[in-house]
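Asks: Got a structure for you, questions after.
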Amino acid sequence: METELATWHFVVAGIAFALFGVLAHVFRAVFNLFPDKLSDTPAVNILVSDGYSWGDHLWGVEYDDAGYYRLDSLRNLRLSVVFTVLGGLGAMVLVDGAALGIATLIDVGISGLVDLFWRRLAELTG
């Protein structure tokens, strides 16, 4: 089966990248053992902390009073989702063969789900 690249592949991939962005946001907030922001000075935080970068300072990522990445921040969630979607779709457009590879993964995944549905339905009826 040869896969043709279509617009709906980009839509499905964008939704998948958005879900990856949500997961990245949750993982960064929940599984962070040490605080990212150690002081009020950005230069000190960037030099000393592993989890704080110029991008965090530039985009205004929100941290709580203890210096941990905020899980309940809609701004952090939006930044994570936007960067993941733009990065993923940008890679699909700019990297040769990436869009066709992701389209193939989407097609194989959908056909696998459809086959699983019909198999389960056949098991229930017979």
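By order in the structure tokens, chains are A, B, ...; within a chain, residues start at 1; ligands start at 1, following the order shown.
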Within 10 Å of A:Leu89, counting only C-alpha atoms, which residues show up once you throw out same-chain ones fewer than 5 positions away? Write them as a PyMOL selection string, please.

Replies: chain A and resi 10-11+13-14+17+83-84+94-95+98-99

Asks: Just write the chosen residues, N, CA and C atoms, as a compact mmCIF listing (two decimals), in the first residue's frame.

Replies:
# COMPACT_ATOMS: atom_id res chain seq x y z
N PHE A 10 -1.80 16.17 7.82
CA PHE A 10 -1.24 17.27 8.61
C PHE A 10 -2.16 17.63 9.77
N VAL A 11 -3.46 17.55 9.57
CA VAL A 11 -4.41 17.85 10.65
C VAL A 11 -4.29 16.81 11.76
N ALA A 13 -1.72 14.84 12.33
CA ALA A 13 -0.39 15.00 12.94
C ALA A 13 -0.38 16.20 13.89
N GLY A 14 -1.04 17.30 13.52
CA GLY A 14 -1.11 18.47 14.40
C GLY A 14 -1.82 18.15 15.70
N PHE A 17 0.61 16.05 17.70
CA PHE A 17 1.67 16.89 18.27
C PHE A 17 1.13 17.72 19.44
N PHE A 83 4.71 25.21 20.80
CA PHE A 83 6.05 24.86 20.33
C PHE A 83 6.12 23.43 19.81
N THR A 84 5.39 22.53 20.42
CA THR A 84 5.39 21.15 19.94
C THR A 84 4.70 21.04 18.59
N LEU A 94 9.76 20.80 6.43
CA LEU A 94 11.15 21.11 6.05
C LEU A 94 12.05 19.89 5.88
N VAL A 95 11.80 18.80 6.60
CA VAL A 95 12.66 17.63 6.52
C VAL A 95 12.17 16.72 5.41
N ALA A 98 9.98 13.30 6.00
CA ALA A 98 9.36 13.23 7.33
C ALA A 98 7.84 13.22 7.22
N ALA A 99 7.29 14.04 6.35
CA ALA A 99 5.83 14.10 6.21
C ALA A 99 5.29 12.78 5.68

Asks: DSSP says alpha helix (DSSP H) for which residues of stretch 39-69 of chain A? Put them as a ChimeraX atom specification?

Replies: /A:42-48,54-59

Asks: Please produce a file of the residues just selected, as an mmCIF file, in the first residue's frame, where the atoms kept are N, CA and C atoms.

Replies:
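That gives us out32.cif:
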data_model
loop_
_atom_site.group_PDB
_atom_site.id
_atom_site.type_symbol
_atom_site.label_atom_id
_atom_site.label_comp_id
_atom_site.auth_asym_id
_atom_site.auth_seq_id
_atom_site.Cartn_x
_atom_site.Cartn_y
_atom_site.Cartn_z
ATOM 1 N N PRO A 42 17.767 36.171 36.178
ATOM 2 C CA PRO A 42 17.759 35.199 35.081
ATOM 3 C C PRO A 42 19.140 34.629 34.754
ATOM 4 N N ALA A 43 20.178 35.466 34.801
ATOM 5 C CA ALA A 43 21.518 34.986 34.453
ATOM 6 C C ALA A 43 21.977 33.898 35.417
ATOM 7 N N VAL A 44 21.696 34.067 36.698
ATOM 8 C CA VAL A 44 22.073 33.059 37.685
ATOM 9 C C VAL A 44 21.307 31.770 37.430
ATOM 10 N N ASN A 45 20.019 31.880 37.162
ATOM 11 C CA ASN A 45 19.213 30.683 36.900
ATOM 12 C C ASN A 45 19.692 29.940 35.661
ATOM 13 N N ILE A 46 20.063 30.669 34.621
ATOM 14 C CA ILE A 46 20.495 30.034 33.376
ATOM 15 C C ILE A 46 21.833 29.343 33.568
ATOM 16 N N LEU A 47 22.726 29.953 34.316
ATOM 17 C CA LEU A 47 24.044 29.363 34.527
ATOM 18 C C LEU A 47 24.015 28.186 35.499
ATOM 19 N N VAL A 48 23.172 28.240 36.510
ATOM 20 C CA VAL A 48 23.197 27.234 37.572
ATOM 21 C C VAL A 48 22.179 26.121 37.340
ATOM 22 N N TRP A 54 17.298 30.477 28.439
ATOM 23 C CA TRP A 54 16.959 31.798 27.920
ATOM 24 C C TRP A 54 15.560 31.787 27.322
ATOM 25 N N GLY A 55 15.177 30.659 26.734
ATOM 26 C CA GLY A 55 13.838 30.543 26.172
ATOM 27 C C GLY A 55 12.762 30.676 27.239
ATOM 28 N N ASP A 56 12.995 30.072 28.398
ATOM 29 C CA ASP A 56 12.042 30.196 29.501
ATOM 30 C C ASP A 56 11.905 31.648 29.942
ATOM 31 N N HIS A 57 13.029 32.338 30.000
ATOM 32 C CA HIS A 57 12.998 33.749 30.397
ATOM 33 C C HIS A 57 12.339 34.605 29.311
ATOM 34 N N LEU A 58 12.699 34.351 28.052
ATOM 35 C CA LEU A 58 12.185 35.146 26.942
ATOM 36 C C LEU A 58 10.679 34.966 26.763
ATOM 37 N N TRP A 59 10.169 33.741 26.853
ATOM 38 C CA TRP A 59 8.756 33.469 26.632
ATOM 39 C C TRP A 59 7.919 33.662 27.886
#

Asks: Could you work out how far atom CA of A:Leu77 lies from atom CA of A:Asn32, giving the answer in Å with one decimal?

Replies: 15.7 Å

Asks: Can you tell me how far atom CA of A:Val85 sits from atom CA of A:Tyr63, in Å to one decimal?

Replies: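 Computing it gives 22.6 Å between the two atoms.
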
Asks: Please identify all polymer residues within 10 Å of A:Phe34, counting only C-alpha atoms, omitting same-chain residues fewer than 4 positions from it, and present them as a PDB file with C-alpha atoms, in the first residue's frame.

Replies:
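File produced: out-v4.pdb:
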ATOM      1  CA  LEU A  38      16.726  29.284  41.973  1.00  0.00           C
ATOM      2  CA  SER A  49      19.924  25.464  36.760  1.00  0.00           C
ATOM      3  CA  ASP A  50      19.487  22.587  34.308  1.00  0.00           C
ATOM      4  CA  GLY A  51      15.778  23.255  33.727  1.00  0.00           C
ATOM      5  CA  ALA A  66       9.512  27.573  45.266  1.00  0.00           C
ATOM      6  CA  GLY A  67      10.894  27.752  41.718  1.00  0.00           C
ATOM      7  CA  TYR A  68       9.091  24.752  40.224  1.00  0.00           C
ATOM      8  CA  TYR A  69       7.426  24.767  36.791  1.00  0.00           C
TER       9      TYR A  69
END

Asks: Using Å and a single decimal, report how far atom CA of A:Asp115 sits from atom CA of A:Trp8.

Replies: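 Atom-to-atom, atom CA of A:Trp8 to atom CA of A:Asp115, that is 20.6 Å.
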
Asks: Name the residues in contact with A:Phe27 at a cut-off of 12 Å, using only C-alpha atoms, excluding same-chain residues fewer than 4 positions from it; report them as a list of chain:residue names.

Replies: A:Phe20, A:Gly21, A:Val22, A:Leu23, A:Phe31, A:Asn32, A:Leu33, A:Tyr69, A:Arg70, A:Leu71, A:Leu77, A:Ser80

Asks: How would the residues just chosen look if you wrote them out with C-alpha atoms as a PDB file, in the first residue's frame?

Replies:
ATOM      1  CA  PHE A  20       2.489  15.374  22.868  1.00  0.00           C
ATOM      2  CA  GLY A  21       2.746  19.017  23.983  1.00  0.00           C
ATOM      3  CA  VAL A  22       0.206  18.411  26.755  1.00  0.00           C
ATOM      4  CA  LEU A  23       2.137  15.321  27.861  1.00  0.00           C
ATOM      5  CA  PHE A  31       8.472  14.670  37.351  1.00  0.00           C
ATOM      6  CA  ASN A  32      10.755  17.599  38.157  1.00  0.00           C
ATOM      7  CA  LEU A  33      12.708  16.708  41.292  1.00  0.00           C
ATOM      8  CA  TYR A  69       7.426  24.767  36.791  1.00  0.00           C
ATOM      9  CA  ARG A  70       3.693  25.428  37.303  1.00  0.00           C
ATOM     10  CA  LEU A  71       1.339  22.650  36.246  1.00  0.00           C
ATOM     11  CA  LEU A  77       0.432  24.705  28.688  1.00  0.00           C
ATOM     12  CA  SER A  80       4.283  23.744  25.353  1.00  0.00           C
TER      13      SER A  80
END
